[in-house]
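Below is one structure, written out as structure tokens, with a few remarks after it.
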Amino acid sequence: MRLGEAFRSAVEGLRGSILRSALTALGIIIGVAAVITLIAVGQGAGDDITAEIGRLGANAILVSSRSGIALNTDHAAEIAERVPTVIRTAPVLNAGTSAARWGAQSHDTSVRGVGAGYDIITGTQLVTGRFFGENEVERRSRVAVIGNDVSEELFRGRDPLGQSVSVRGQAFTVIGVLESQGSSFGGGGDNVILIPISTAQRLFTTTRVSTIYAQAESAEVSAMASSHIRRIMDLRFGREDSVNVTSQDQLLDIVRTVTSTLTVMLGAIAGISLLVGGIGIMNIMLVSVKERTREIGIRKAVGAKKRDILAQFLVESILLSLGGGLVGIGFGWLLARFVEVFGLTTAVTPGSVLLAFGFSAAVGLFFGVYPAAQAAKLDPIEALRYQ
Amino acid sequence: MATEPLLRLENIHKTYDMGDVRVHALRGVGFRVEPGEFVAIMGPSGSGKSTLMHIIGCLDRPTAGEYFLEGEDVSQKGDDELAELRNRYLGFVFQEFNLLPSMTALENVALPLTYRGASARERVEIATRALERVGLGDRVRHKPNQLSGGQKQRVAIARSLATEPAVLMADEPTGNLDTTAQGDIMGILCELNESGITIIVVTHDPAVGAHCKRVIRLLDGSIVGDESSRPGVVSPGETR
Ligand SMILES: Nc1ncnc2c1ncn2[C@@H]1O[C@H](COP(=O)(O)OP(=O)(O)OP(=O)(O)O)[C@@H](O)[C@H]1O
Ligand SMILES: [Mg+2]
């Protein structure tokens, strides 16, 4: 009953100056909308990268050299041979960006030389055609599997299979097209042309490989396989820490850490604006208490206790911030939708909504306490005499 | 053992410390009020009338002395206890009406009831009855700015009645009103007193004082006179 009166009088107080209440709430609305949107962007980026790594295949292990170490295809073979928990390996050479040409069309794309089995290790799917096999790698065949972007840019709807694409003056027969990986990272996963590692090494006149992809028997043994690989490579190169060995698990962990840090940072930056909104609430509540000094005196004269007055003004500030919070959540969601138009993935999670809601309530409570306490401790006679 | 009166003030002092000067607003005031009395507190401006009324009304505490309300010593109670006492025993009528402008007459009258946890239905019922009692049964939905001064003061009286107080206190209730409205208000107060409500009116207007059965005169914070104009009223200090 007493809380009912606090609620009623709080609503009355807010309605008494609609514009002022709305402007005060705007501070919270902007803050909450910023929190929701930025967390959504952070989460979206995280989800994207995670999904990308998830596509690697559950048991993938990446071996890359440290400075002064040159990995080659023999090392890939050695790992496959000597590590029992590793089923297969595929060397990868990232050969940078080159122009791929077909007829009059030309498109800049990243060229990767990969070993047979790369598709299995990475869980790569094709929309059409097939991946190259052991033979083609051994024979340095000039075949290519092209990414979705390359297919579209060069062939524009025509069937690319069997067509001849030229890279660095060499003609490659297209035997497959990769499934689109979505638009994350600016679509890096789609703008690629895969050729046999042996062909690539000759084309770019190198014996090195950038990375060796390995596939562990199962996720359970992947840690064991990783340390085994590390030991063998250290032995081979005669030094400690010759290579970086990263399992998909670890990669996911790293990415999760990075993106959650990113998300927290974005959220914190947005939280600052929420804090500023809270200060706005405190400011307006102090004004409101001052203006309604006489009302407080009257209420006290007829029997309102400190807690009644405290509750009235606290409810008012919490209503302000919660109302602002709700509208802000709506706006944040719309804003996240809007951001997606620009090709960013966003994810408005229940967690971030709850966080924003709880945080705005807390802001209202925190910044409402001081003005409400000021009101509650007013002396009734002085309050009645005010003005 | 003497029966406790409704109000008993013993040697009440009130000083205001203003840094360099100390204002001695009340200097040892003592008197009793029995149930059903109609008391006027009179005196020139600055004599301490309002100060005394605030203490009687539990809005303020005396600097020294004792004050018993229905036998309970209230002179040193805490803020919330005083709030409770005001709600339970006291009704106030102020010179400046002191109604909440955003509320209707009915809501204003019901306000004290919300602080004793009355249900919505109870509040409407009691407040309506109180408004009818002061002749404003047809003005329940009006806001204060839609009412005349006399009507506002009647709403204020209805508000003070809603809690069925032991004492109704009025500080210059007719100070802001013209002669007609003044007569109305005093008429209502007299009627209420006849129905058994104890009333204390603070005034410096002899016309108002003339309505009251007993007049306590203040000068410079001390009582300089205490007369009962009608027989049958228990005089101060006398016990039953
Ligand atoms: N809060 C206060 N601080 C300091 N002095 C005060 C305060 N309240 C009252 N006084 C002083 O106490 C004295 C009595 O004041 P009080 O208001 O009781 O007079 P009053 O009899 O009601 O006068 P009036 O008829 O003008 O209303 C005055 O001298 C006044 O200046
Ligand atoms: Mg006065």
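Letters A, B, ... mark the chains of the structure tokens in the order given; residue numbers begin at 1 per chain; ligand numbers begin at 1, in order shown.
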
Mind listing as a tab-separated table (two decimals) with N, CA, C and O atoms, in the first residue's frame which residues of chain A are within 12 Å of chain B, counting only C-alpha atoms?
chain	number	residue	atom	x	y	z
A	1	MET	N	0.83	-1.20	0.00
A	1	MET	CA	0.00	0.00	0.00
A	1	MET	C	0.87	1.26	0.00
A	1	MET	O	0.70	2.15	-0.78
A	2	ARG	N	1.82	1.27	0.93
A	2	ARG	CA	2.70	2.42	0.99
A	2	ARG	C	3.56	2.49	-0.28
A	2	ARG	O	3.83	3.57	-0.78
A	3	LEU	N	3.97	1.33	-0.78
A	3	LEU	CA	4.77	1.32	-2.00
A	3	LEU	C	3.91	1.76	-3.17
A	3	LEU	O	4.38	2.43	-4.09
A	4	GLY	N	2.62	1.40	-3.10
A	4	GLY	CA	1.68	1.82	-4.13
A	4	GLY	C	1.65	3.34	-4.22
A	4	GLY	O	1.67	3.90	-5.32
A	5	GLU	N	1.64	4.00	-3.07
A	5	GLU	CA	1.62	5.47	-3.06
A	5	GLU	C	2.93	6.01	-3.62
A	5	GLU	O	2.94	6.98	-4.37
A	6	ALA	N	4.05	5.35	-3.27
A	6	ALA	CA	5.35	5.79	-3.79
A	6	ALA	C	5.33	5.72	-5.31
A	6	ALA	O	5.80	6.63	-6.00
A	7	PHE	N	4.77	4.63	-5.83
A	7	PHE	CA	4.70	4.42	-7.27
A	7	PHE	C	3.82	5.47	-7.92
A	7	PHE	O	4.20	6.11	-8.90
A	8	ARG	N	2.64	5.67	-7.33
A	8	ARG	CA	1.68	6.61	-7.87
A	8	ARG	C	2.28	8.02	-7.92
A	8	ARG	O	2.20	8.72	-8.92
A	9	SER	N	2.89	8.41	-6.81
A	9	SER	CA	3.42	9.77	-6.74
A	9	SER	C	4.64	9.92	-7.65
A	9	SER	O	4.88	10.99	-8.20
A	10	ALA	N	5.38	8.82	-7.84
A	10	ALA	CA	6.53	8.88	-8.74
A	10	ALA	C	6.07	9.11	-10.17
A	10	ALA	O	6.61	9.95	-10.89
A	11	VAL	N	5.06	8.36	-10.58
A	11	VAL	CA	4.51	8.53	-11.94
A	11	VAL	C	3.99	9.95	-12.10
A	11	VAL	O	4.23	10.62	-13.12
A	12	GLU	N	3.29	10.42	-11.05
A	12	GLU	CA	2.76	11.78	-11.06
A	12	GLU	C	3.90	12.78	-11.26
A	12	GLU	O	3.81	13.71	-12.07
A	13	GLY	N	4.98	12.55	-10.51
A	13	GLY	CA	6.12	13.45	-10.59
A	13	GLY	C	6.72	13.48	-11.99
A	13	GLY	O	7.09	14.54	-12.50
A	14	LEU	N	6.81	12.30	-12.62
A	14	LEU	CA	7.39	12.22	-13.96
A	14	LEU	C	6.47	12.87	-14.98
A	14	LEU	O	6.92	13.58	-15.88
A	15	ARG	N	5.16	12.65	-14.81
A	15	ARG	CA	4.21	13.22	-15.76
A	15	ARG	C	4.16	14.72	-15.66
A	15	ARG	O	3.82	15.41	-16.61
A	16	GLY	N	4.47	15.21	-14.47
A	16	GLY	CA	4.42	16.64	-14.24
A	16	GLY	C	5.36	17.42	-15.15
A	16	GLY	O	5.13	18.57	-15.47
A	17	SER	N	6.43	16.77	-15.58
A	17	SER	CA	7.36	17.44	-16.50
A	17	SER	C	7.83	16.43	-17.54
A	17	SER	O	8.94	15.92	-17.48
A	292	ARG	N	10.17	20.24	-5.23
A	292	ARG	CA	9.03	19.65	-4.53
A	292	ARG	C	9.24	19.63	-3.02
A	292	ARG	O	8.62	18.85	-2.32
A	293	THR	N	10.12	20.51	-2.57
A	293	THR	CA	10.38	20.60	-1.14
A	293	THR	C	9.08	20.76	-0.35
A	293	THR	O	8.85	20.09	0.65
A	294	ARG	N	8.22	21.64	-0.83
A	294	ARG	CA	6.98	21.90	-0.12
A	294	ARG	C	6.09	20.66	-0.09
A	294	ARG	O	5.49	20.33	0.94
A	295	GLU	N	6.04	19.97	-1.24
A	295	GLU	CA	5.27	18.72	-1.29
A	295	GLU	C	5.79	17.73	-0.25
A	295	GLU	O	5.01	17.06	0.43
A	296	ILE	N	7.11	17.66	-0.15
A	296	ILE	CA	7.71	16.74	0.81
A	296	ILE	C	7.30	17.14	2.23
A	296	ILE	O	6.93	16.29	3.05
A	297	GLY	N	7.30	18.47	2.49
A	297	GLY	CA	6.88	18.96	3.79
A	297	GLY	C	5.44	18.56	4.10
A	297	GLY	O	5.13	18.10	5.20
A	298	ILE	N	4.57	18.71	3.10
A	298	ILE	CA	3.16	18.37	3.29
A	298	ILE	C	3.02	16.88	3.59
A	298	ILE	O	2.34	16.46	4.53
A	299	ARG	N	3.71	16.08	2.77
A	299	ARG	CA	3.61	14.63	2.97
A	299	ARG	C	4.10	14.24	4.36
A	299	ARG	O	3.51	13.39	5.03
A	300	LYS	N	5.20	14.86	4.76
A	300	LYS	CA	5.73	14.55	6.10
A	300	LYS	C	4.76	14.99	7.18
A	300	LYS	O	4.56	14.29	8.17
A	301	ALA	N	4.15	16.17	7.00
A	301	ALA	CA	3.22	16.68	8.01
A	301	ALA	C	2.05	15.72	8.23
A	301	ALA	O	1.58	15.56	9.35
A	302	VAL	N	1.60	15.07	7.15
A	302	VAL	CA	0.47	14.17	7.31
A	302	VAL	C	0.89	12.74	7.62
A	302	VAL	O	0.07	11.85	7.63
A	303	GLY	N	2.18	12.53	7.86
A	303	GLY	CA	2.57	11.23	8.39
A	303	GLY	C	3.54	10.41	7.54
A	303	GLY	O	3.81	9.27	7.89
A	304	ALA	N	4.06	10.97	6.44
A	304	ALA	CA	5.03	10.20	5.65
A	304	ALA	C	6.33	10.06	6.43
A	304	ALA	O	6.83	11.04	6.99
A	305	LYS	N	6.84	8.84	6.48
A	305	LYS	CA	8.11	8.62	7.15
A	305	LYS	C	9.24	8.80	6.15
A	305	LYS	O	9.02	8.91	4.96
A	306	LYS	N	10.46	8.76	6.67
A	306	LYS	CA	11.63	8.92	5.80
A	306	LYS	C	11.59	7.92	4.66
A	306	LYS	O	11.82	8.24	3.51
A	307	ARG	N	11.27	6.66	5.02
A	307	ARG	CA	11.33	5.62	3.98
A	307	ARG	C	10.26	5.84	2.91
A	307	ARG	O	10.43	5.45	1.77
A	308	ASP	N	9.13	6.48	3.30
A	308	ASP	CA	8.10	6.76	2.30
A	308	ASP	C	8.60	7.75	1.26
A	308	ASP	O	8.39	7.57	0.06
A	309	ILE	N	9.25	8.80	1.75
A	309	ILE	CA	9.78	9.82	0.84
A	309	ILE	C	10.93	9.24	0.02
A	309	ILE	O	11.01	9.42	-1.20
A	376	ALA	N	14.43	12.67	1.84
A	376	ALA	CA	13.91	11.98	3.02
A	376	ALA	C	14.34	12.66	4.31
A	376	ALA	O	13.62	12.63	5.30
A	377	LYS	N	15.50	13.29	4.28
A	377	LYS	CA	15.98	13.85	5.54
A	377	LYS	C	15.59	15.32	5.74
A	377	LYS	O	15.99	15.94	6.72
A	378	LEU	N	14.78	15.85	4.81
A	378	LEU	CA	14.31	17.23	4.96
A	378	LEU	C	13.53	17.39	6.26
A	378	LEU	O	12.76	16.52	6.65
A	379	ASP	N	13.71	18.53	6.88
A	379	ASP	CA	12.95	18.85	8.09
A	379	ASP	C	11.56	19.32	7.68
A	379	ASP	O	11.42	20.19	6.81
A	380	PRO	N	10.50	18.73	8.26
A	380	PRO	CA	9.15	19.06	7.78
A	380	PRO	C	8.83	20.55	7.86
A	380	PRO	O	8.23	21.09	6.93
A	381	ILE	N	9.22	21.21	8.95
A	381	ILE	CA	8.86	22.63	9.08
A	381	ILE	C	9.59	23.46	8.04
A	381	ILE	O	9.00	24.30	7.36
A	382	GLU	N	10.89	23.20	7.90
A	382	GLU	CA	11.65	23.95	6.91
A	382	GLU	C	11.11	23.70	5.51
A	382	GLU	O	11.03	24.61	4.68
A	383	ALA	N	10.72	22.45	5.25
A	383	ALA	CA	10.18	22.11	3.94
A	383	ALA	C	8.86	22.84	3.69
A	383	ALA	O	8.61	23.34	2.60
A	384	LEU	N	8.04	22.92	4.72
A	384	LEU	CA	6.75	23.60	4.57
A	384	LEU	C	6.94	25.10	4.38
A	384	LEU	O	6.13	25.76	3.74
A	385	ARG	N	8.00	25.62	4.96
A	385	ARG	CA	8.23	27.06	4.89
A	385	ARG	C	8.91	27.45	3.58
A	385	ARG	O	9.03	28.63	3.25
A	386	TYR	N	9.37	26.41	2.79
A	386	TYR	CA	10.16	26.68	1.58
A	386	TYR	C	9.40	27.54	0.58
A	386	TYR	O	8.20	27.36	0.40
A	387	GLN	N	10.08	28.45	-0.06
A	387	GLN	CA	9.57	29.39	-1.09
A	387	GLN	C	8.95	30.63	-0.47
A	387	GLN	O	8.16	30.52	0.44

Find the residues near Gly147 (chain A): any atom within 10 Å, counting only C-alpha atoms, skip ones fewer than 2 places away on the same chain, and give them as a PyMOL selection string.
chain A and resi 109-110+126-127+144-145+149-152+176-181+188-194

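In this structure, CA of Ala51 (chain A) sits 26.8 Å away from CA of Arg66 (chain A).
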
Kindly compile the residues surrounding ligand 1 within 10 Å, counting only C-alpha atoms and all ligand atoms, and format them as JSON, numbers by chain.
{"A": [381, 382, 385], "B": [14, 15, 16, 17, 18, 21, 22, 23, 24, 25, 26, 41, 42, 43, 44, 45, 46, 47, 48, 49, 50, 51, 52, 53, 54, 95, 171, 172, 202, 203, 204, 205, 218, 219, 220, 221]}

Based on the selection just made, write N, CA and C atoms of those residues as a JSON list (two decimals), in the first residue's frame.
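Ended up saving to selection.json:
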[["chain", "number", "residue", "atom", "x", "y", "z"],
["A", 381, "ILE", "N", 9.22, 21.21, 8.95],
["A", 381, "ILE", "CA", 8.86, 22.63, 9.08],
["A", 381, "ILE", "C", 9.59, 23.46, 8.04],
["A", 382, "GLU", "N", 10.89, 23.20, 7.90],
["A", 382, "GLU", "CA", 11.65, 23.95, 6.91],
["A", 382, "GLU", "C", 11.11, 23.70, 5.51],
["A", 385, "ARG", "N", 8.00, 25.62, 4.96],
["A", 385, "ARG", "CA", 8.23, 27.06, 4.89],
["A", 385, "ARG", "C", 8.91, 27.45, 3.58],
["B", 14, "LYS", "N", 12.15, 26.61, 23.62],
["B", 14, "LYS", "CA", 12.67, 26.40, 22.27],
["B", 14, "LYS", "C", 13.61, 27.55, 21.93],
["B", 15, "THR", "N", 14.84, 27.19, 21.64],
["B", 15, "THR", "CA", 15.79, 28.23, 21.22],
["B", 15, "THR", "C", 16.31, 27.88, 19.84],
["B", 16, "TYR", "N", 16.43, 28.89, 19.02],
["B", 16, "TYR", "CA", 17.03, 28.71, 17.70],
["B", 16, "TYR", "C", 18.43, 29.26, 17.74],
["B", 17, "ASP", "N", 19.38, 28.41, 17.45],
["B", 17, "ASP", "CA", 20.78, 28.83, 17.44],
["B", 17, "ASP", "C", 21.11, 29.28, 16.03],
["B", 18, "MET", "N", 21.40, 30.56, 15.88],
["B", 18, "MET", "CA", 21.70, 31.06, 14.55],
["B", 18, "MET", "C", 23.15, 31.51, 14.46],
["B", 21, "VAL", "N", 23.63, 34.75, 17.05],
["B", 21, "VAL", "CA", 22.48, 35.07, 17.91],
["B", 21, "VAL", "C", 21.69, 33.83, 18.27],
["B", 22, "ARG", "N", 21.14, 33.84, 19.51],
["B", 22, "ARG", "CA", 20.24, 32.77, 19.90],
["B", 22, "ARG", "C", 18.87, 33.36, 20.11],
["B", 23, "VAL", "N", 17.88, 32.80, 19.37],
["B", 23, "VAL", "CA", 16.51, 33.30, 19.51],
["B", 23, "VAL", "C", 15.79, 32.40, 20.50],
["B", 24, "HIS", "N", 15.31, 33.00, 21.56],
["B", 24, "HIS", "CA", 14.56, 32.24, 22.56],
["B", 24, "HIS", "C", 13.09, 32.37, 22.21],
["B", 25, "ALA", "N", 12.59, 31.42, 21.38],
["B", 25, "ALA", "CA", 11.22, 31.55, 20.87],
["B", 25, "ALA", "C", 10.19, 31.15, 21.92],
["B", 26, "LEU", "N", 10.49, 30.17, 22.75],
["B", 26, "LEU", "CA", 9.59, 29.76, 23.83],
["B", 26, "LEU", "C", 10.39, 29.70, 25.12],
["B", 41, "ILE", "N", -4.65, 30.00, 20.54],
["B", 41, "ILE", "CA", -3.36, 30.51, 21.00],
["B", 41, "ILE", "C", -3.16, 31.84, 20.31],
["B", 42, "MET", "N", -3.12, 32.90, 21.11],
["B", 42, "MET", "CA", -3.06, 34.24, 20.53],
["B", 42, "MET", "C", -1.82, 34.97, 21.01],
["B", 43, "GLY", "N", -1.49, 36.02, 20.30],
["B", 43, "GLY", "CA", -0.33, 36.82, 20.67],
["B", 43, "GLY", "C", 0.18, 37.56, 19.46],
["B", 44, "PRO", "N", 0.99, 38.57, 19.69],
["B", 44, "PRO", "CA", 1.51, 39.35, 18.58],
["B", 44, "PRO", "C", 2.48, 38.54, 17.72],
["B", 45, "SER", "N", 2.77, 39.09, 16.58],
["B", 45, "SER", "CA", 3.69, 38.41, 15.66],
["B", 45, "SER", "C", 5.04, 38.20, 16.32],
["B", 46, "GLY", "N", 5.59, 37.01, 16.15],
["B", 46, "GLY", "CA", 6.89, 36.71, 16.72],
["B", 46, "GLY", "C", 6.84, 36.28, 18.17],
["B", 47, "SER", "N", 5.64, 36.12, 18.71],
["B", 47, "SER", "CA", 5.54, 35.76, 20.12],
["B", 47, "SER", "C", 5.78, 34.27, 20.35],
["B", 48, "GLY", "N", 5.82, 33.49, 19.27],
["B", 48, "GLY", "CA", 6.14, 32.07, 19.41],
["B", 48, "GLY", "C", 4.95, 31.15, 19.19],
["B", 49, "LYS", "N", 3.88, 31.67, 18.62],
["B", 49, "LYS", "CA", 2.67, 30.86, 18.43],
["B", 49, "LYS", "C", 2.92, 29.67, 17.51],
["B", 50, "SER", "N", 3.49, 29.98, 16.36],
["B", 50, "SER", "CA", 3.72, 28.89, 15.41],
["B", 50, "SER", "C", 4.72, 27.88, 15.96],
["B", 51, "THR", "N", 5.74, 28.40, 16.60],
["B", 51, "THR", "CA", 6.74, 27.52, 17.20],
["B", 51, "THR", "C", 6.07, 26.55, 18.17],
["B", 52, "LEU", "N", 5.18, 27.09, 18.99],
["B", 52, "LEU", "CA", 4.47, 26.25, 19.96],
["B", 52, "LEU", "C", 3.60, 25.23, 19.25],
["B", 53, "MET", "N", 2.91, 25.70, 18.20],
["B", 53, "MET", "CA", 2.04, 24.77, 17.48],
["B", 53, "MET", "C", 2.84, 23.64, 16.82],
["B", 54, "HIS", "N", 4.01, 23.96, 16.31],
["B", 54, "HIS", "CA", 4.83, 22.91, 15.69],
["B", 54, "HIS", "C", 5.25, 21.87, 16.71],
["B", 95, "GLN", "N", -2.18, 28.08, 7.15],
["B", 95, "GLN", "CA", -2.64, 29.33, 6.54],
["B", 95, "GLN", "C", -2.60, 29.24, 5.02],
["B", 171, "ASP", "N", -3.10, 26.70, 12.09],
["B", 171, "ASP", "CA", -2.24, 27.88, 12.25],
["B", 171, "ASP", "C", -2.74, 28.96, 11.31],
["B", 172, "GLU", "N", -3.36, 29.98, 11.87],
["B", 172, "GLU", "CA", -3.93, 31.08, 11.08],
["B", 172, "GLU", "C", -4.76, 30.52, 9.92],
["B", 202, "VAL", "N", -4.26, 28.67, 16.13],
["B", 202, "VAL", "CA", -3.29, 29.74, 16.34],
["B", 202, "VAL", "C", -3.77, 30.96, 15.55],
["B", 203, "THR", "N", -3.85, 32.10, 16.18],
["B", 203, "THR", "CA", -4.34, 33.29, 15.47],
["B", 203, "THR", "C", -3.89, 34.56, 16.17],
["B", 204, "HIS", "N", -3.85, 35.66, 15.42],
["B", 204, "HIS", "CA", -3.70, 36.92, 16.13],
["B", 204, "HIS", "C", -4.93, 37.79, 15.89],
["B", 205, "ASP", "N", -5.96, 37.15, 15.32],
["B", 205, "ASP", "CA", -7.19, 37.84, 15.00],
["B", 205, "ASP", "C", -8.21, 37.65, 16.15],
["B", 218, "LEU", "N", 0.16, 34.45, 24.36],
["B", 218, "LEU", "CA", 1.63, 34.37, 24.39],
["B", 218, "LEU", "C", 2.21, 35.76, 24.20],
["B", 219, "LEU", "N", 3.32, 36.01, 24.88],
["B", 219, "LEU", "CA", 4.07, 37.23, 24.62],
["B", 219, "LEU", "C", 5.54, 36.90, 24.83],
["B", 220, "ASP", "N", 6.32, 37.13, 23.79],
["B", 220, "ASP", "CA", 7.76, 36.86, 23.87],
["B", 220, "ASP", "C", 8.08, 35.46, 24.39],
["B", 221, "GLY", "N", 7.31, 34.50, 23.95],
["B", 221, "GLY", "CA", 7.61, 33.11, 24.29],
["B", 221, "GLY", "C", 7.14, 32.66, 25.65]]

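Residues of region 189-350 of chain A assigned to strand (DSSP E) by DSSP on this structure's backbone: Val192, Ile193, Leu194, Ile195, Pro196, Arg208, Val209, Thr211, Ile212, Tyr213, Ala214, Gln215, Ala216, Val243, Asn244, Val245, Thr246 and Ser247 of chain A.
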
Selection to disk with all heavy atoms, as a short mmCIF file (atom, residue, chain, number, x, y, z; two decimals), in the first residue's frame:
data_model
loop_
_atom_site.label_atom_id
_atom_site.label_comp_id
_atom_site.auth_asym_id
_atom_site.auth_seq_id
_atom_site.Cartn_x
_atom_site.Cartn_y
_atom_site.Cartn_z
N VAL A 192 39.69 -16.88 -53.08
CA VAL A 192 40.89 -17.71 -52.99
C VAL A 192 40.91 -18.68 -54.17
O VAL A 192 39.87 -19.00 -54.74
CB VAL A 192 40.90 -18.46 -51.64
CG1 VAL A 192 39.81 -19.52 -51.59
CG2 VAL A 192 42.27 -19.06 -51.34
N ILE A 193 42.12 -19.06 -54.53
CA ILE A 193 42.24 -20.10 -55.55
C ILE A 193 43.22 -21.14 -55.01
O ILE A 193 44.33 -20.81 -54.59
CB ILE A 193 42.65 -19.49 -56.91
CG1 ILE A 193 42.83 -20.57 -57.97
CG2 ILE A 193 43.89 -18.63 -56.83
CD1 ILE A 193 42.78 -19.99 -59.38
N LEU A 194 42.77 -22.39 -54.92
CA LEU A 194 43.59 -23.46 -54.36
C LEU A 194 44.18 -24.29 -55.49
O LEU A 194 43.47 -24.73 -56.39
CB LEU A 194 42.73 -24.37 -53.46
CG LEU A 194 42.01 -23.71 -52.28
CD1 LEU A 194 41.17 -24.74 -51.52
CD2 LEU A 194 43.01 -23.04 -51.34
N ILE A 195 45.52 -24.47 -55.42
CA ILE A 195 46.18 -25.31 -56.42
C ILE A 195 47.05 -26.32 -55.68
O ILE A 195 47.34 -26.13 -54.50
CB ILE A 195 47.03 -24.46 -57.40
CG1 ILE A 195 48.07 -23.63 -56.62
CG2 ILE A 195 46.15 -23.53 -58.22
CD1 ILE A 195 49.01 -22.83 -57.51
N PRO A 196 47.46 -27.42 -56.32
CA PRO A 196 48.31 -28.40 -55.63
C PRO A 196 49.59 -27.74 -55.12
O PRO A 196 50.16 -26.89 -55.79
CB PRO A 196 48.61 -29.44 -56.73
CG PRO A 196 47.46 -29.31 -57.67
CD PRO A 196 47.07 -27.87 -57.66
N ARG A 208 59.62 -24.08 -49.68
CA ARG A 208 59.04 -23.91 -48.35
C ARG A 208 57.53 -24.12 -48.38
O ARG A 208 56.89 -24.08 -49.42
CB ARG A 208 59.29 -22.49 -47.85
CG ARG A 208 60.76 -22.14 -47.73
CD ARG A 208 60.90 -20.71 -47.29
NE ARG A 208 60.29 -20.48 -46.00
CZ ARG A 208 60.76 -19.62 -45.12
NH1 ARG A 208 61.84 -18.91 -45.38
NH2 ARG A 208 60.16 -19.46 -43.97
N VAL A 209 56.99 -24.33 -47.16
CA VAL A 209 55.53 -24.26 -46.98
C VAL A 209 55.27 -23.30 -45.81
O VAL A 209 56.13 -23.12 -44.95
CB VAL A 209 54.89 -25.65 -46.70
CG1 VAL A 209 55.23 -26.62 -47.82
CG2 VAL A 209 55.33 -26.20 -45.35
N THR A 211 52.47 -23.39 -43.72
CA THR A 211 51.82 -24.06 -42.59
C THR A 211 51.64 -25.51 -42.94
O THR A 211 51.50 -25.85 -44.11
CB THR A 211 50.41 -23.45 -42.35
OG1 THR A 211 50.47 -22.05 -42.50
CG2 THR A 211 49.88 -23.80 -40.98
N ILE A 212 51.67 -26.34 -41.91
CA ILE A 212 51.27 -27.73 -42.13
C ILE A 212 49.99 -27.97 -41.35
O ILE A 212 49.91 -27.69 -40.15
CB ILE A 212 52.37 -28.71 -41.65
CG1 ILE A 212 53.64 -28.52 -42.49
CG2 ILE A 212 51.87 -30.15 -41.72
CD1 ILE A 212 54.85 -29.23 -41.93
N TYR A 213 48.97 -28.42 -42.08
CA TYR A 213 47.71 -28.77 -41.42
C TYR A 213 47.77 -30.25 -41.10
O TYR A 213 48.14 -31.05 -41.94
CB TYR A 213 46.51 -28.52 -42.34
CG TYR A 213 46.09 -27.06 -42.45
CD1 TYR A 213 47.03 -26.04 -42.55
CD2 TYR A 213 44.73 -26.73 -42.46
CE1 TYR A 213 46.64 -24.71 -42.67
CE2 TYR A 213 44.33 -25.41 -42.57
CZ TYR A 213 45.28 -24.40 -42.68
OH TYR A 213 44.89 -23.11 -42.80
N ALA A 214 47.42 -30.60 -39.86
CA ALA A 214 47.40 -32.01 -39.49
C ALA A 214 46.03 -32.33 -38.92
O ALA A 214 45.35 -31.46 -38.38
CB ALA A 214 48.48 -32.30 -38.46
N GLN A 215 45.64 -33.58 -39.05
CA GLN A 215 44.36 -33.98 -38.48
C GLN A 215 44.60 -35.06 -37.44
O GLN A 215 45.14 -36.12 -37.75
CB GLN A 215 43.42 -34.50 -39.56
CG GLN A 215 42.03 -34.80 -39.03
CD GLN A 215 41.10 -35.31 -40.10
OE1 GLN A 215 41.54 -35.70 -41.19
NE2 GLN A 215 39.82 -35.32 -39.81
N ALA A 216 44.18 -34.78 -36.22
CA ALA A 216 44.32 -35.77 -35.14
C ALA A 216 43.22 -36.80 -35.27
O ALA A 216 42.18 -36.55 -35.88
CB ALA A 216 44.26 -35.09 -33.79
N VAL A 243 58.62 -24.64 -33.72
CA VAL A 243 57.36 -24.40 -34.43
C VAL A 243 56.25 -24.01 -33.45
O VAL A 243 56.32 -24.29 -32.26
CB VAL A 243 56.90 -25.67 -35.20
CG1 VAL A 243 57.80 -25.93 -36.39
CG2 VAL A 243 56.85 -26.87 -34.27
N ASN A 244 55.26 -23.33 -34.01
CA ASN A 244 54.02 -23.09 -33.26
C ASN A 244 53.05 -24.17 -33.63
O ASN A 244 52.78 -24.39 -34.81
CB ASN A 244 53.41 -21.74 -33.66
CG ASN A 244 54.19 -20.58 -33.10
OD1 ASN A 244 54.65 -20.64 -31.97
ND2 ASN A 244 54.36 -19.55 -33.91
N VAL A 245 52.53 -24.86 -32.62
CA VAL A 245 51.53 -25.88 -32.89
C VAL A 245 50.24 -25.46 -32.21
O VAL A 245 50.21 -25.25 -31.01
CB VAL A 245 51.98 -27.25 -32.35
CG1 VAL A 245 50.93 -28.31 -32.68
CG2 VAL A 245 53.33 -27.63 -32.93
N THR A 246 49.22 -25.27 -33.01
CA THR A 246 47.95 -24.80 -32.46
C THR A 246 46.84 -25.73 -32.87
O THR A 246 46.65 -25.98 -34.06
CB THR A 246 47.62 -23.39 -33.00
OG1 THR A 246 48.83 -22.64 -33.06
CG2 THR A 246 46.63 -22.69 -32.11
N SER A 247 46.14 -26.26 -31.89
CA SER A 247 45.00 -27.10 -32.24
C SER A 247 43.78 -26.21 -32.42
O SER A 247 43.77 -25.06 -31.99
CB SER A 247 44.74 -28.12 -31.14
OG SER A 247 44.33 -27.46 -29.98
#

Region 36-201 of chain B: residues DSSP assigns to alpha helix (DSSP H), reported as a ChimeraX atom specification
/B:49-56,79-89,105-114,120-133,149-162,179-194
